[in-house]
Structures are given as structure tokens and as C-alpha cells.
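Here is the structure we will look at, set down as C-alpha cells.
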Amino acid sequence: MSLAADIGPMGKVIKYAPNERRDWNAFLGMVIFLGSWIMLFGGIFLTYGALRARAEIWPPLDMPPLPLDFPAMNTLVIVLSSASLQIGLNGVKAGKTHLLQWGLPVTTVLGTLFIVLQSVVWFDLWQEGLQFTSGPYASVFYAITTFHAAHVLIGLGALLWLSIQSWRGMYTPARYLSIRLWAMYWHFVGIIWGFIFLTVYVL
């Protein structure tokens, strides 16, 4: 089998089998993609921090307080969804494809539950007067949470497709790159939610 070569640290030549080189390129592409989203989320968090630092009282007294119950439940949901996806990924690596075939749908259901619970939070706050036009506090809250929810929806679309493909027997111990990449994405979504929960809802 012919090998592709690359130059690593200190000028060392690293040789890859064709599939290894392709997988590495895909992995690196996902890392760069997630890095770009980290910068976008970072900009939103910086805006939130600047608004909060300038405010004498946070949240403003005329704004309804943010709930903790559903966001806390969503934190548990997103952790469980990452765990089920990782179990599926580890399973297919070990040749236990049934773990992937069940792990992906479970993750999809949990991700859908996350969106449902977040929608309940939005609806309740909207009814209480926290709307887009309610000022900077409301605007930055909806910017952070809707931007994150959009990423969850993207992940759900991918998970649904991966679930269908897994039941068709498309993934094996030698072919699971798509699962690995989307698991990276989903874990990223979960980590970002952890920051949102702590900085926006708890602190």
C-alpha cells in the first residue's frame, strides 16, 4: 500500500495510509470549524460581560428573573446526550455496532427534549415581558440562547441522518469517521451550554 507523507514538528516526515491522511484532514477541518464558532460565541459572551459590568443592578429590576429549573434540567439532558453519543462511538470502535444504533437515536431524542425545554423557557419569559425589544439585557439573552439553539438544531439534523445510516449498517470499526466528527461537534455544543448555564442563569 502506498503511503502519503507530511512534514511534522522539527521537520520529521510522517507517513500516512490514504485513509489515515483523509481522516486526519477531516479531523483538522472540524477543529478549525469549531474554533471559528468559539470565536463567534466568545464575541457574544464578551458583549454580555461588558453589559453586565456596566450595569449597577443585574438583572434589571424591571425584567423578570431567569428560571433555574428548566435550564438545570437541560444541563442534565445535554450531559446525558453527550454520554449516549460517546457510548455509541466507543461501541462502533469496538465492533459493537448495536451500541451506536441505539446511542444515536437516544442522543437525538435527548437533543430534541433540550429544544423543547428551552422553548418553554423562552415562552414563559416572553409572557412575563422579557422580549427582544425590552432592552440590552433581553437582547443579549436571546442572542446567546437562540444562537446556541441553532447549533443544537444543526446537530439534530446530523444525528438523525447518522441514525438512519447506522441502522443501514453503514458504520463499522473501520469506517466511523462521520460519527467521530459529529461527536466532536455535539460535545462542543454541550460545553458551550455549560458556559451559558453558569454565566447567564446561575451567576
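Ordering of the C-alpha cells sets the chain letters (A, B, ...), residue numbers begin anew at 1 in every chain, and ligands are numbered from 1 in the order given.
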
Inset, instruction - Extract, using only C-alpha atoms, all DNA, RNA and protein residues at most 8 Å from stretch 112-114 of chain A, discarding same-chain residues fewer than 3 positions from it, and format them as a list in words. - result: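 So, after excluding close chain neighbours, the residues are Asn74, Val77, Ile78, Thr108, Val109, Leu117, Gln118 and Leu156 of chain A.
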
Write the selection just made, keeping C-alpha atoms, as a short mmCIF file (atom, residue, chain, number, x, y, z; two decimals), in the first residue's frame?
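Saved result, part_5.cif, follows:
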data_model
loop_
_atom_site.label_atom_id
_atom_site.label_comp_id
_atom_site.auth_asym_id
_atom_site.auth_seq_id
_atom_site.Cartn_x
_atom_site.Cartn_y
_atom_site.Cartn_z
CA ASN A 74 -31.41 20.97 30.18
CA VAL A 77 -30.19 16.44 29.31
CA ILE A 78 -27.22 17.70 27.30
CA THR A 108 -31.39 12.64 19.05
CA VAL A 109 -34.35 12.30 21.41
CA LEU A 117 -37.39 22.71 27.36
CA GLN A 118 -35.57 25.77 26.01
CA LEU A 156 -30.01 17.18 15.49
#

Inset, instruction - Quick one: everything within 9 Å of stretch 27-34 of chain A, counting only C-alpha atoms, minus sequence neighbours fewer than 6 positions away in the same chain. Send it as a PyMOL selection string. - result: chain A and resi 177+180-182+184-185+188

Inset, instruction - Tell me which protein, DNA and RNA residues are within 8 Å of A:Val152, counting only C-alpha atoms, leaving out same-chain ones fewer than 6 positions away, and put them as a PyMOL selection string. - result: chain A and resi 111+115+186+189

Inset, instruction - For A:Ile44, list every protein, DNA or RNA residue within 8 Å, evaluated using only C-alpha atoms, and leave out those in the same chain fewer than 6 positions away; present the list as a PyMOL selection string. - result: chain A and resi 140+143-144

Print the selection's residues with N, CA and C atoms to a file, as a PDB file, in the first residue's frame.
ATOM      1  N   VAL A 140     -29.355  40.495  24.601  1.00  0.00           N
ATOM      2  CA  VAL A 140     -28.173  39.631  24.689  1.00  0.00           C
ATOM      3  C   VAL A 140     -28.563  38.244  25.188  1.00  0.00           C
ATOM      4  N   ALA A 143     -29.941  36.522  22.150  1.00  0.00           N
ATOM      5  CA  ALA A 143     -28.858  36.302  21.185  1.00  0.00           C
ATOM      6  C   ALA A 143     -28.051  35.064  21.552  1.00  0.00           C
ATOM      7  N   ILE A 144     -27.700  34.951  22.836  1.00  0.00           N
ATOM      8  CA  ILE A 144     -26.892  33.812  23.274  1.00  0.00           C
ATOM      9  C   ILE A 144     -27.676  32.510  23.160  1.00  0.00           C
TER      10      ILE A 144
END

Legend entry - Secondary structure check, strand (DSSP E) residues of chain A, as an MDAnalysis selection string: chainID A and resid 4:7 13:16

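Distance annotation: of A:Gly88, A:Gly49, A:Pro173, A:Pro67, the residue with the minimal separation from A:Glu128 is A:Pro67; atom set is only C-alpha atoms.
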
What residues in stretch 23-92 of chain A get the DSSP label alpha helix (DSSP H)? Please answer as a compact mmCIF listing (two decimals) with N, CA, C and O atoms, in the first residue's frame.
# COMPACT_ATOMS: atom_id res chain seq x y z
N ASP A 23 -8.67 10.96 7.06
CA ASP A 23 -9.28 11.13 8.38
C ASP A 23 -8.65 12.28 9.14
O ASP A 23 -9.34 13.05 9.82
N TRP A 24 -7.32 12.39 9.03
CA TRP A 24 -6.63 13.48 9.72
C TRP A 24 -7.07 14.83 9.17
O TRP A 24 -7.31 15.77 9.93
N ASN A 25 -7.19 14.94 7.87
CA ASN A 25 -7.63 16.20 7.26
C ASN A 25 -9.04 16.56 7.70
O ASN A 25 -9.34 17.73 7.96
N ALA A 26 -9.91 15.56 7.77
CA ALA A 26 -11.29 15.81 8.21
C ALA A 26 -11.31 16.24 9.67
O ALA A 26 -12.06 17.16 10.05
N PHE A 27 -10.52 15.59 10.49
CA PHE A 27 -10.43 15.96 11.91
C PHE A 27 -9.93 17.39 12.07
O PHE A 27 -10.49 18.18 12.83
N LEU A 28 -8.88 17.72 11.34
CA LEU A 28 -8.33 19.07 11.41
C LEU A 28 -9.35 20.10 10.93
O LEU A 28 -9.48 21.19 11.50
N GLY A 29 -10.09 19.75 9.88
CA GLY A 29 -11.13 20.65 9.39
C GLY A 29 -12.20 20.91 10.43
O GLY A 29 -12.65 22.05 10.60
N MET A 30 -12.60 19.88 11.16
CA MET A 30 -13.60 20.06 12.21
C MET A 30 -13.05 20.92 13.34
O MET A 30 -13.76 21.77 13.90
N VAL A 31 -11.79 20.72 13.70
CA VAL A 31 -11.17 21.54 14.75
C VAL A 31 -11.18 23.01 14.35
O VAL A 31 -11.51 23.89 15.15
N ILE A 32 -10.83 23.29 13.10
CA ILE A 32 -10.83 24.67 12.62
C ILE A 32 -12.25 25.24 12.61
O ILE A 32 -12.48 26.39 13.00
N PHE A 33 -13.20 24.44 12.16
CA PHE A 33 -14.60 24.86 12.14
C PHE A 33 -15.09 25.21 13.54
O PHE A 33 -15.70 26.26 13.76
N LEU A 34 -14.81 24.33 14.50
CA LEU A 34 -15.25 24.59 15.87
C LEU A 34 -14.52 25.80 16.45
O LEU A 34 -15.09 26.57 17.23
N GLY A 35 -13.26 25.98 16.07
CA GLY A 35 -12.52 27.15 16.52
C GLY A 35 -13.16 28.45 16.06
O GLY A 35 -13.22 29.43 16.81
N SER A 36 -13.68 28.46 14.83
CA SER A 36 -14.35 29.66 14.33
C SER A 36 -15.62 29.95 15.11
O SER A 36 -15.94 31.11 15.40
N TRP A 37 -16.35 28.87 15.47
CA TRP A 37 -17.58 29.07 16.26
C TRP A 37 -17.25 29.52 17.68
O TRP A 37 -18.02 30.28 18.29
N ILE A 38 -16.13 29.06 18.21
CA ILE A 38 -15.72 29.51 19.54
C ILE A 38 -15.48 31.02 19.54
O ILE A 38 -15.87 31.72 20.48
N MET A 39 -14.88 31.52 18.47
CA MET A 39 -14.65 32.96 18.39
C MET A 39 -15.97 33.73 18.30
O MET A 39 -16.12 34.80 18.91
N LEU A 40 -16.95 33.18 17.57
CA LEU A 40 -18.25 33.85 17.48
C LEU A 40 -18.96 33.85 18.83
O LEU A 40 -19.49 34.87 19.26
N PHE A 41 -18.97 32.69 19.48
CA PHE A 41 -19.57 32.63 20.82
C PHE A 41 -18.81 33.53 21.79
O PHE A 41 -19.41 34.18 22.66
N GLY A 42 -17.49 33.56 21.64
CA GLY A 42 -16.69 34.42 22.51
C GLY A 42 -17.07 35.88 22.37
O GLY A 42 -17.12 36.61 23.37
N GLY A 43 -17.35 36.31 21.14
CA GLY A 43 -17.78 37.69 20.93
C GLY A 43 -19.09 37.99 21.63
O GLY A 43 -19.26 39.07 22.24
N ILE A 44 -20.02 37.03 21.57
CA ILE A 44 -21.31 37.24 22.24
C ILE A 44 -21.12 37.27 23.76
O ILE A 44 -21.71 38.11 24.46
N PHE A 45 -20.30 36.38 24.29
CA PHE A 45 -20.05 36.37 25.73
C PHE A 45 -19.36 37.66 26.18
O PHE A 45 -19.64 38.17 27.28
N LEU A 46 -18.45 38.18 25.37
CA LEU A 46 -17.80 39.43 25.72
C LEU A 46 -18.81 40.58 25.77
O LEU A 46 -18.74 41.45 26.64
N THR A 47 -19.73 40.58 24.82
CA THR A 47 -20.79 41.61 24.84
C THR A 47 -21.62 41.49 26.10
O THR A 47 -21.94 42.49 26.75
N TYR A 48 -21.98 40.27 26.43
CA TYR A 48 -22.76 40.03 27.66
C TYR A 48 -21.98 40.52 28.88
O TYR A 48 -22.53 41.19 29.75
N GLY A 49 -20.69 40.17 28.94
CA GLY A 49 -19.89 40.58 30.09
C GLY A 49 -19.75 42.08 30.19
O GLY A 49 -19.79 42.65 31.29
N ALA A 50 -19.60 42.76 29.03
CA ALA A 50 -19.47 44.22 29.04
C ALA A 50 -20.75 44.88 29.53
O ALA A 50 -20.72 45.83 30.33
N LEU A 51 -21.90 44.38 29.06
CA LEU A 51 -23.18 44.94 29.51
C LEU A 51 -23.37 44.72 31.01
O LEU A 51 -23.83 45.61 31.73
N ARG A 52 -23.00 43.54 31.47
CA ARG A 52 -23.18 43.25 32.88
C ARG A 52 -22.24 44.07 33.75
O ARG A 52 -22.63 44.51 34.85
N ALA A 53 -21.01 44.30 33.28
CA ALA A 53 -20.04 45.07 34.06
C ALA A 53 -20.47 46.53 34.21
O ALA A 53 -20.17 47.16 35.23
N ARG A 54 -21.17 47.07 33.21
CA ARG A 54 -21.59 48.46 33.26
C ARG A 54 -22.89 48.66 34.04
O ARG A 54 -23.22 49.78 34.39
N ASP A 69 -34.93 26.08 37.00
CA ASP A 69 -35.36 24.69 36.95
C ASP A 69 -35.18 24.05 35.57
O ASP A 69 -34.47 23.04 35.43
N PHE A 70 -35.79 24.62 34.55
CA PHE A 70 -35.67 24.04 33.22
C PHE A 70 -34.24 24.12 32.66
O PHE A 70 -33.77 23.16 32.05
N PRO A 71 -33.54 25.25 32.84
CA PRO A 71 -32.14 25.26 32.39
C PRO A 71 -31.28 24.20 33.09
O PRO A 71 -30.40 23.61 32.46
N ALA A 72 -31.53 23.96 34.38
CA ALA A 72 -30.79 22.91 35.08
C ALA A 72 -31.12 21.54 34.50
O ALA A 72 -30.24 20.68 34.33
N MET A 73 -32.42 21.32 34.22
CA MET A 73 -32.82 20.07 33.58
C MET A 73 -32.14 19.92 32.22
O MET A 73 -31.68 18.83 31.85
N ASN A 74 -32.05 21.02 31.48
CA ASN A 74 -31.41 20.97 30.18
C ASN A 74 -29.92 20.66 30.28
O ASN A 74 -29.34 20.04 29.39
N THR A 75 -29.30 21.10 31.36
CA THR A 75 -27.89 20.78 31.57
C THR A 75 -27.72 19.28 31.73
O THR A 75 -26.80 18.67 31.15
N LEU A 76 -28.61 18.67 32.51
CA LEU A 76 -28.57 17.22 32.67
C LEU A 76 -28.85 16.52 31.34
O LEU A 76 -28.19 15.53 30.99
N VAL A 77 -29.82 17.04 30.60
CA VAL A 77 -30.19 16.44 29.31
C VAL A 77 -29.00 16.46 28.35
O VAL A 77 -28.71 15.47 27.68
N ILE A 78 -28.32 17.58 28.27
CA ILE A 78 -27.22 17.70 27.30
C ILE A 78 -26.04 16.82 27.72
O ILE A 78 -25.33 16.27 26.87
N VAL A 79 -25.82 16.67 29.03
CA VAL A 79 -24.75 15.77 29.51
C VAL A 79 -25.08 14.33 29.16
O VAL A 79 -24.22 13.57 28.66
N LEU A 80 -26.34 13.93 29.39
CA LEU A 80 -26.75 12.57 29.06
C LEU A 80 -26.67 12.30 27.56
O LEU A 80 -26.30 11.20 27.13
N SER A 81 -27.01 13.31 26.76
CA SER A 81 -26.95 13.14 25.31
C SER A 81 -25.52 12.95 24.83
O SER A 81 -25.25 12.12 23.96
N SER A 82 -24.59 13.70 25.41
CA SER A 82 -23.18 13.51 25.05
C SER A 82 -22.68 12.13 25.48
O SER A 82 -21.92 11.48 24.76
N ALA A 83 -23.15 11.68 26.65
CA ALA A 83 -22.74 10.36 27.14
C ALA A 83 -23.25 9.26 26.22
O ALA A 83 -22.51 8.32 25.88
N SER A 84 -24.51 9.36 25.80
CA SER A 84 -25.07 8.31 24.94
C SER A 84 -24.38 8.29 23.58
O SER A 84 -24.15 7.21 23.00
N LEU A 85 -24.03 9.47 23.06
CA LEU A 85 -23.33 9.51 21.78
C LEU A 85 -21.92 8.94 21.92
O LEU A 85 -21.45 8.20 21.03
N GLN A 86 -21.25 9.24 23.01
CA GLN A 86 -19.90 8.72 23.22
C GLN A 86 -19.92 7.20 23.39
O GLN A 86 -19.02 6.50 22.91
N ILE A 87 -20.95 6.70 24.08
CA ILE A 87 -21.10 5.25 24.22
C ILE A 87 -21.25 4.59 22.85
O ILE A 87 -20.66 3.55 22.55
N GLY A 88 -22.07 5.23 22.00
CA GLY A 88 -22.24 4.70 20.65
C GLY A 88 -20.95 4.72 19.86
O GLY A 88 -20.63 3.77 19.14
N LEU A 89 -20.19 5.83 19.97
CA LEU A 89 -18.92 5.94 19.26
C LEU A 89 -17.93 4.88 19.75
O LEU A 89 -17.29 4.20 18.95
N ASN A 90 -17.83 4.73 21.06
CA ASN A 90 -16.93 3.72 21.61
C ASN A 90 -17.37 2.32 21.20
O ASN A 90 -16.54 1.43 20.97
N GLY A 91 -18.69 2.14 21.10
CA GLY A 91 -19.21 0.84 20.71
C GLY A 91 -18.82 0.46 19.30
O GLY A 91 -18.36 -0.66 19.05
N VAL A 92 -19.00 1.38 18.36
CA VAL A 92 -18.67 1.05 16.97
C VAL A 92 -17.17 0.84 16.81
O VAL A 92 -16.73 0.02 16.00

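You can rank A:Ser119, A:Ser163, A:Gln131, A:Ser178 by their closest distance to A:Val106 using only C-alpha atoms, and at the top of that list sits A:Ser163.
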
Legend entry - Using only C-alpha atoms: which of A:Ala55, A:Leu99, A:Leu198, A:Val116 has the shortest distance to A:Leu153: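 Ranking A:Ala55, A:Leu99, A:Leu198, A:Val116 by distance to A:Leu153, first place goes to A:Val116.
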
Legend entry - Point-to-point distance from atom CA of A:Leu130 to atom CA of A:Gly190, Å rounded to tenths: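 Going from atom CA of A:Leu130 over to atom CA of A:Gly190, I get 25.0 Å.
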
Legend entry - Counting only C-alpha atoms, the residue of A:Thr199, A:Gln101, A:Gln127, A:Thr107 that sits nearest A:Phe141: A:Thr199

Inset, instruction - Considering only C-alpha atoms, state which residue in the set A:Gly155, A:Pro65, A:Gly103, A:Pro136 is at the smallest distance from A:Val202. - result: A:Pro65

Legend entry - d(atom CA of A:Val200, atom CA of A:Pro59) in Å: 9.9 Å

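The coordinates place atom CA of A:Thr133 at 22.7 Å from atom CA of A:Phe197.
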